[in-house]
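What follows is one structure encoded as structure tokens, with my remarks underneath.
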Amino acid sequence: MALTTQEFGESRVRVWIAGSGPDLLFLHGYEQHPGDASFLHRLAEHHTVYAPEHPGYGESTGFESLRDIIDLALRYRQLVESWGIESVDVIGHCLGGMIAAEFAATSPHLVRRLVLVDAWGLWRDDQQPADPFVLTEDELAQAKWHDPATAPNPEPSIFQPDPSRPHAAMLTRGQNLGVAGKFMWPIPDRGLRRRLPFVKAQTLVVHGESDGLIPAVYAEEFQQLIPDAEVARLPAAGHLPMIEREDDFIDTVEAFLIR
Amino acid sequence: MKFHWFAEVTYPHLTMEQMKHHHTWVDAPWELADPIAVGETYRMFIRLMQQADRDGFDGLAVNEHHQTSFAMTPSPNLLAASLAGSTENAAILVIGDSLALYNPPTRVAEELAYLDCLSGGRVIAGFVFGTPMDSTFCYGTPPVELRDRFHEARELILRSWEAEEPFAFNGDYNKLRYVNPWPRPVQSPRPPVWVPGSGSVETWDLVIDENYCYGHLSFSGLRSAKPLVDGFWEYVDERGGDTNPNRMAFTQICCVSETDEQAERDYAEAVNYFYTRQNTRPAFATPPGYRSPKSIEHDINLRGASRLSNEDRMRAARGEMGFWEYDEKGYIIAGSPERVRQRIRELATELRIGQLIPTLHMGNLSEETASKNTQLFGSQVIPYLRDLWADLPDDWTPKVSQERVAAHAPQVAGAVAGN
């Protein structure tokens, strides 16, 4: 298991790689790469897990050459191909779910099974998601977690504090959310609705029932648009079910992937 | 030095009780305002700026903001049009058009050219990124794209003014097969360009590379601005740029009366209104991606050197400062003409400012008092400060306005430096 930095064309990408078994791509959410998170280790017990950091996040580069989210989905096609992988299961959380769905729609030959976890990418006027860019720290905690009081502190993150750079955490977070804005600002809808019918992979749509950022009805919205999809709502979980309800999450996802 | 009359077109009838319950930018409820009163406010500002043109000001400054009671000027070009056709001498300082928000940006090229034609060559083309509230929330531009969009628009506009033939423009954000604006500016090859900033290094590089006039536009005065403006000049010098003070603009609230005591009577309430009727959700002021990590880090270091404490900033915003404390801390420059011109001379000398943008109406000031402020500033302040930087060229204001203002402005016999 290791966090490695890979040169990729003109850019540099950090990738967390661990485990053995069928290849699995994990795409992280809008805030940050979860780093050495427990749920990734659990997945690595049965899969070879590749968890890259998105371009422009943290220490990964190559954001400037992306014009839109299709460019990003195709970047992931190139990255997966660079690993010599011909078929991969994909789990995408949050913004990573939006990217994973675009990836599955534009590269159906590569994606075996798809898991979307509390994913952005759709918009309904009558069920508007929260604006993640204006929430205060407290408001975000209330929205993210089913129970903010028992949320992990600190949250699993690839970011490592450096005493010589006291503002690094704030600057990195601003950098990360700035990149997220490219795909989510001011409304996280870049036309995914029109492309979901092109997803060929069997899909599991996982959603924390208490997600205060994206209402749980969006799980059914994804299910209706993807040809072969089922929904698993996880109780007592917010926007990060893989952290807040790790056991339920792993059981649900593994049952789907090994089927 | 030169003086450009300016005011934020603020809605003047908000109560402190309303301020407890509402924000005033982005999501300010429209029910707080009366459209008839808004129209009266617009007409007042047009009259005041027409007076400023007669009273010897070098320019009339207009700006762009959206969805706010603080400045109800969604298109600066509209207010500028009211002035370009009804004034004779002063420059029309559009500071400025938020380039990223115009689609296509040739709209800016056309409208500024219209204004330059209508005014006989008196337009200054100010190009702005727009505040975070305006550009990223009200107009929905992803913050991380704002600078790219601004630069693409700027290149398109400048090229369109000078192109001898229609051209195709295949930008990332703008696709135009036939660019050929009618009209074109009177000024050749183009109007002077000003770009204000808030300390971003990227903006400093731009104005140095293109030799634009830079603007530090805040309402916090000398103390707050000192580290940033000093930092700008050091950076210009390091990069071998033009250190002529005439390429630097600065806003300053000024309150002139017959005496210092009268100034407090005339302006205290309006100054308090100006600072206390602004209430923006903090998140709307700091969207991620609006500023680069490099600029934020630079800013943190510079602000560490600020002579204005955070507590002072908070107290100023809450209206907890008395009139003379606002003056002492630099937020306003108030008093008799003698006092005001002495303090402006200190400010302009210390910060190396050649283009002052005195803000002569603020908050809920009456038209009568704003008119007096304008008249006293034009006749008792400006003429005594003309000597500052007068030996240096000014390539950043229109030649037509320079000549006409010089020919028509009030003169002071025997005005001497230091008066």
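Residues are referred to by chain and number: the chain letter is A, B, ... according to the order shown in the structure tokens, the number counts from 1 in that chain, and ligands are numbered separately from 1 in the order shown.
Summary of the local environment: counting only C-alpha atoms, residues at most 10 Å from A:Pro186, other than itself and those fewer than 6 positions away along its chain, are Asp131, Pro132 and Phe133 of chain A; Thr136, Phe137, Cys138, Tyr139, Gly140, Thr141, Pro142 and Pro143 of chain B.
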**Residues near B:Leu385, cut-off 12 Å, only C-alpha atoms, skip fewer than 3 positions along chain, as a count of residues only** = 35
**Prompt:** Once you count only C-alpha atoms, which residues of chain A turn out to be within 8 Å of chain B? Could you give them as a VMD selection string?
**Reply:** chain A and resid 67 133 to 136 167 171 to 172 174 to 175 177 to 179 181 to 182 185 to 186
**Message:** Can you tell me which residues surround A:Glu7 at a distance of at most 12 Å, considering only C-alpha atoms, apart from same-chain residues fewer than 4 positions away, and format the answer as an MDAnalysis selection string?
**Reply:** chainID A and resid 11:15 59:62 79 82
Using N, CA, C and O atoms, can you export the residues from the last selection as an mmCIF file, in the first residue's frame?
```
data_model
loop_
_atom_site.group_PDB
_atom_site.id
_atom_site.type_symbol
_atom_site.label_atom_id
_atom_site.label_comp_id
_atom_site.auth_asym_id
_atom_site.auth_seq_id
_atom_site.Cartn_x
_atom_site.Cartn_y
_atom_site.Cartn_z
ATOM 1 N N SER A 11 1.197 16.353 -16.588
ATOM 2 C CA SER A 11 0.739 16.614 -15.224
ATOM 3 C C SER A 11 1.242 15.565 -14.243
ATOM 4 O O SER A 11 1.868 14.570 -14.603
ATOM 5 N N ARG A 12 0.921 15.814 -12.989
ATOM 6 C CA ARG A 12 1.363 14.974 -11.877
ATOM 7 C C ARG A 12 0.116 14.603 -11.080
ATOM 8 O O ARG A 12 -0.707 15.461 -10.784
ATOM 9 N N VAL A 13 -0.025 13.327 -10.785
ATOM 10 C CA VAL A 13 -1.212 12.922 -10.036
ATOM 11 C C VAL A 13 -0.808 12.034 -8.862
ATOM 12 O O VAL A 13 0.011 11.132 -8.996
ATOM 13 N N ARG A 14 -1.375 12.355 -7.698
ATOM 14 C CA ARG A 14 -1.154 11.486 -6.537
ATOM 15 C C ARG A 14 -2.209 10.387 -6.571
ATOM 16 O O ARG A 14 -3.399 10.659 -6.768
ATOM 17 N N VAL A 15 -1.766 9.154 -6.364
ATOM 18 C CA VAL A 15 -2.702 8.026 -6.375
ATOM 19 C C VAL A 15 -2.447 7.150 -5.147
ATOM 20 O O VAL A 15 -1.304 6.782 -4.867
ATOM 21 N N GLU A 59 -1.839 18.314 -4.301
ATOM 22 C CA GLU A 59 -0.581 18.388 -5.045
ATOM 23 C C GLU A 59 -0.701 17.805 -6.444
ATOM 24 O O GLU A 59 0.314 17.595 -7.115
ATOM 25 N N SER A 60 -1.914 17.524 -6.883
ATOM 26 C CA SER A 60 -2.102 17.000 -8.241
ATOM 27 C C SER A 60 -2.355 18.140 -9.217
ATOM 28 O O SER A 60 -3.048 19.101 -8.892
ATOM 29 N N THR A 61 -1.771 18.043 -10.390
ATOM 30 C CA THR A 61 -1.817 19.155 -11.339
ATOM 31 C C THR A 61 -2.552 18.746 -12.618
ATOM 32 O O THR A 61 -3.057 17.631 -12.737
ATOM 33 N N GLY A 62 -2.593 19.671 -13.567
ATOM 34 C CA GLY A 62 -3.210 19.377 -14.860
ATOM 35 C C GLY A 62 -4.605 19.947 -14.996
ATOM 36 O O GLY A 62 -5.298 19.704 -15.980
ATOM 37 N N LEU A 79 -6.008 7.804 -17.738
ATOM 38 C CA LEU A 79 -5.282 7.375 -16.547
ATOM 39 C C LEU A 79 -5.465 5.867 -16.320
ATOM 40 O O LEU A 79 -4.504 5.131 -16.064
ATOM 41 N N SER A 82 -3.548 3.977 -18.714
ATOM 42 C CA SER A 82 -2.105 4.024 -18.442
ATOM 43 C C SER A 82 -1.692 2.965 -17.425
ATOM 44 O O SER A 82 -0.532 2.596 -17.345
#
```
**Request:** Grab the atom CA of B:Val256 to atom CA of B:Thr374 distance for me, in Å with one decimal place.
**Result:** 8.3 Å
**Request:** Identify, with DSSP run on backbone atoms, the residues in stretch 103-328 of chain B assigned to alpha helix (DSSP H), and express the list as a ChimeraX atom specification.
**Result:** /B:106-119,132,146-162,201-210,221-238,260-276,282-285,293-303,310-317,323-328
**Item:** Coordinates-based distance that separates atom CA of B:Pro358 from atom CA of B:His4 (Å, one decimal)
**Value:** 6.4 Å
**Item:** Near-B:Asn364 list (9 Å; only C-alpha atoms; drop same-chain fewer than 4 positions) as a VMD selection string
**Value:** chain B and resid 10 to 13 269 to 271 273 to 274
Keeping all heavy atoms for every residue in the selection just given, could you write it to a file as an mmCIF file, in the first residue's frame?
```cif
data_model
loop_
_atom_site.group_PDB
_atom_site.id
_atom_site.type_symbol
_atom_site.label_atom_id
_atom_site.label_comp_id
_atom_site.auth_asym_id
_atom_site.auth_seq_id
_atom_site.Cartn_x
_atom_site.Cartn_y
_atom_site.Cartn_z
ATOM 1 N N THR B 10 -26.041 54.575 -3.362
ATOM 2 C CA THR B 10 -26.572 53.794 -2.231
ATOM 3 C C THR B 10 -28.052 54.109 -2.012
ATOM 4 O O THR B 10 -28.467 55.262 -2.090
ATOM 5 C CB THR B 10 -25.790 54.153 -0.945
ATOM 6 O OG1 THR B 10 -24.411 53.871 -1.148
ATOM 7 C CG2 THR B 10 -26.297 53.370 0.245
ATOM 8 N N TYR B 11 -28.821 53.056 -1.706
ATOM 9 C CA TYR B 11 -30.222 53.295 -1.358
ATOM 10 C C TYR B 11 -30.263 54.002 -0.002
ATOM 11 O O TYR B 11 -29.703 53.494 0.980
ATOM 12 C CB TYR B 11 -31.006 51.982 -1.302
ATOM 13 C CG TYR B 11 -32.485 52.218 -1.137
ATOM 14 C CD1 TYR B 11 -33.221 52.735 -2.196
ATOM 15 C CD2 TYR B 11 -33.121 51.967 0.067
ATOM 16 C CE1 TYR B 11 -34.572 52.988 -2.052
ATOM 17 C CE2 TYR B 11 -34.480 52.217 0.223
ATOM 18 C CZ TYR B 11 -35.198 52.731 -0.843
ATOM 19 O OH TYR B 11 -36.537 52.993 -0.704
ATOM 20 N N PRO B 12 -30.928 55.164 0.082
ATOM 21 C CA PRO B 12 -30.748 56.012 1.263
ATOM 22 C C PRO B 12 -31.774 55.841 2.378
ATOM 23 O O PRO B 12 -31.759 56.614 3.326
ATOM 24 C CB PRO B 12 -30.844 57.419 0.656
ATOM 25 C CG PRO B 12 -31.800 57.271 -0.487
ATOM 26 C CD PRO B 12 -31.638 55.871 -1.010
ATOM 27 N N HIS B 13 -32.673 54.864 2.278
ATOM 28 C CA HIS B 13 -33.770 54.825 3.260
ATOM 29 C C HIS B 13 -33.807 53.549 4.088
ATOM 30 O O HIS B 13 -34.871 53.121 4.530
ATOM 31 C CB HIS B 13 -35.116 55.006 2.544
ATOM 32 C CG HIS B 13 -35.206 56.255 1.724
ATOM 33 N ND1 HIS B 13 -35.045 57.512 2.263
ATOM 34 C CD2 HIS B 13 -35.410 56.443 0.391
ATOM 35 C CE1 HIS B 13 -35.156 58.424 1.308
ATOM 36 N NE2 HIS B 13 -35.370 57.797 0.155
ATOM 37 N N GLU B 269 -23.998 61.829 10.263
ATOM 38 C CA GLU B 269 -25.053 60.832 10.083
ATOM 39 C C GLU B 269 -24.845 60.033 8.789
ATOM 40 O O GLU B 269 -24.995 58.811 8.753
ATOM 41 C CB GLU B 269 -26.427 61.519 10.051
ATOM 42 C CG GLU B 269 -27.557 60.505 9.956
ATOM 43 C CD GLU B 269 -28.892 61.128 9.562
ATOM 44 O OE1 GLU B 269 -29.099 62.332 9.798
ATOM 45 O OE2 GLU B 269 -29.727 60.394 8.996
ATOM 46 N N ALA B 270 -24.472 60.745 7.715
ATOM 47 C CA ALA B 270 -24.319 60.067 6.415
ATOM 48 C C ALA B 270 -23.134 59.098 6.422
ATOM 49 O O ALA B 270 -23.199 58.019 5.819
ATOM 50 C CB ALA B 270 -24.155 61.094 5.303
ATOM 51 N N VAL B 271 -22.061 59.486 7.107
ATOM 52 C CA VAL B 271 -20.902 58.593 7.190
ATOM 53 C C VAL B 271 -21.273 57.339 7.969
ATOM 54 O O VAL B 271 -20.941 56.215 7.569
ATOM 55 C CB VAL B 271 -19.699 59.320 7.847
ATOM 56 C CG1 VAL B 271 -18.621 58.323 8.248
ATOM 57 C CG2 VAL B 271 -19.149 60.372 6.888
ATOM 58 N N TYR B 273 -24.249 56.104 8.229
ATOM 59 C CA TYR B 273 -25.147 55.334 7.349
ATOM 60 C C TYR B 273 -24.332 54.514 6.354
ATOM 61 O O TYR B 273 -24.571 53.320 6.141
ATOM 62 C CB TYR B 273 -26.082 56.289 6.600
ATOM 63 C CG TYR B 273 -27.165 55.596 5.788
ATOM 64 C CD1 TYR B 273 -28.474 55.534 6.247
ATOM 65 C CD2 TYR B 273 -26.865 55.003 4.561
ATOM 66 C CE1 TYR B 273 -29.467 54.896 5.504
ATOM 67 C CE2 TYR B 273 -27.848 54.362 3.820
ATOM 68 C CZ TYR B 273 -29.149 54.310 4.291
ATOM 69 O OH TYR B 273 -30.123 53.673 3.570
ATOM 70 N N PHE B 274 -23.335 55.173 5.745
ATOM 71 C CA PHE B 274 -22.522 54.517 4.721
ATOM 72 C C PHE B 274 -21.883 53.232 5.261
ATOM 73 O O PHE B 274 -21.906 52.190 4.608
ATOM 74 C CB PHE B 274 -21.419 55.471 4.243
ATOM 75 C CG PHE B 274 -20.517 54.899 3.189
ATOM 76 C CD1 PHE B 274 -20.851 54.990 1.846
ATOM 77 C CD2 PHE B 274 -19.325 54.261 3.530
ATOM 78 C CE1 PHE B 274 -20.025 54.452 0.865
ATOM 79 C CE2 PHE B 274 -18.504 53.724 2.557
ATOM 80 C CZ PHE B 274 -18.847 53.825 1.219
#
```
**All residues 6 Å or closer to stretch 110-125 of chain B, only C-alpha atoms, same chain fewer than 2 positions away omitted, as a PyMOL selection string** = chain B and resi 84-85+91-94+107-108+181+183-187+191-193+398+401
**Message:** Give me the residues near A:Arg190 as a list in words, where near means some atom within 8 Å (using only C-alpha atoms) and where sequence neighbours in that chain fewer than 5 positions away do not count.
**Reply:**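 Once the nearby chain positions are removed, what remains is Ile69, Gly121, Phe183 and Met184 of chain A.
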**Message:** Report as number ranges by chain all protein, DNA and RNA residues lying within 7 Å of A:Ile214, evaluated on only C-alpha atoms, omitting residues in the same chain fewer than 6 positions from it.
**Reply:** A: 118, 129-130
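Between A:Arg124 and the candidates A:Pro227, A:Gly21, A:Pro215, A:Gly208, the tightest atom-to-atom separation, counting only C-alpha atoms, involves A:Pro215.
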**Item:** Which of B:Thr359, B:Asn180, B:Lys399, B:Trp204 sits closest to B:Thr251 [using only C-alpha atoms]
**Value:**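 Of all the options, B:Thr359 lies closest to B:Thr251.
Using only C-alpha atoms, the shortest contact distance between B:Thr24 and any of B:Ser188, B:Ser98, B:Ser135, B:Gln278 is found at B:Gln278.
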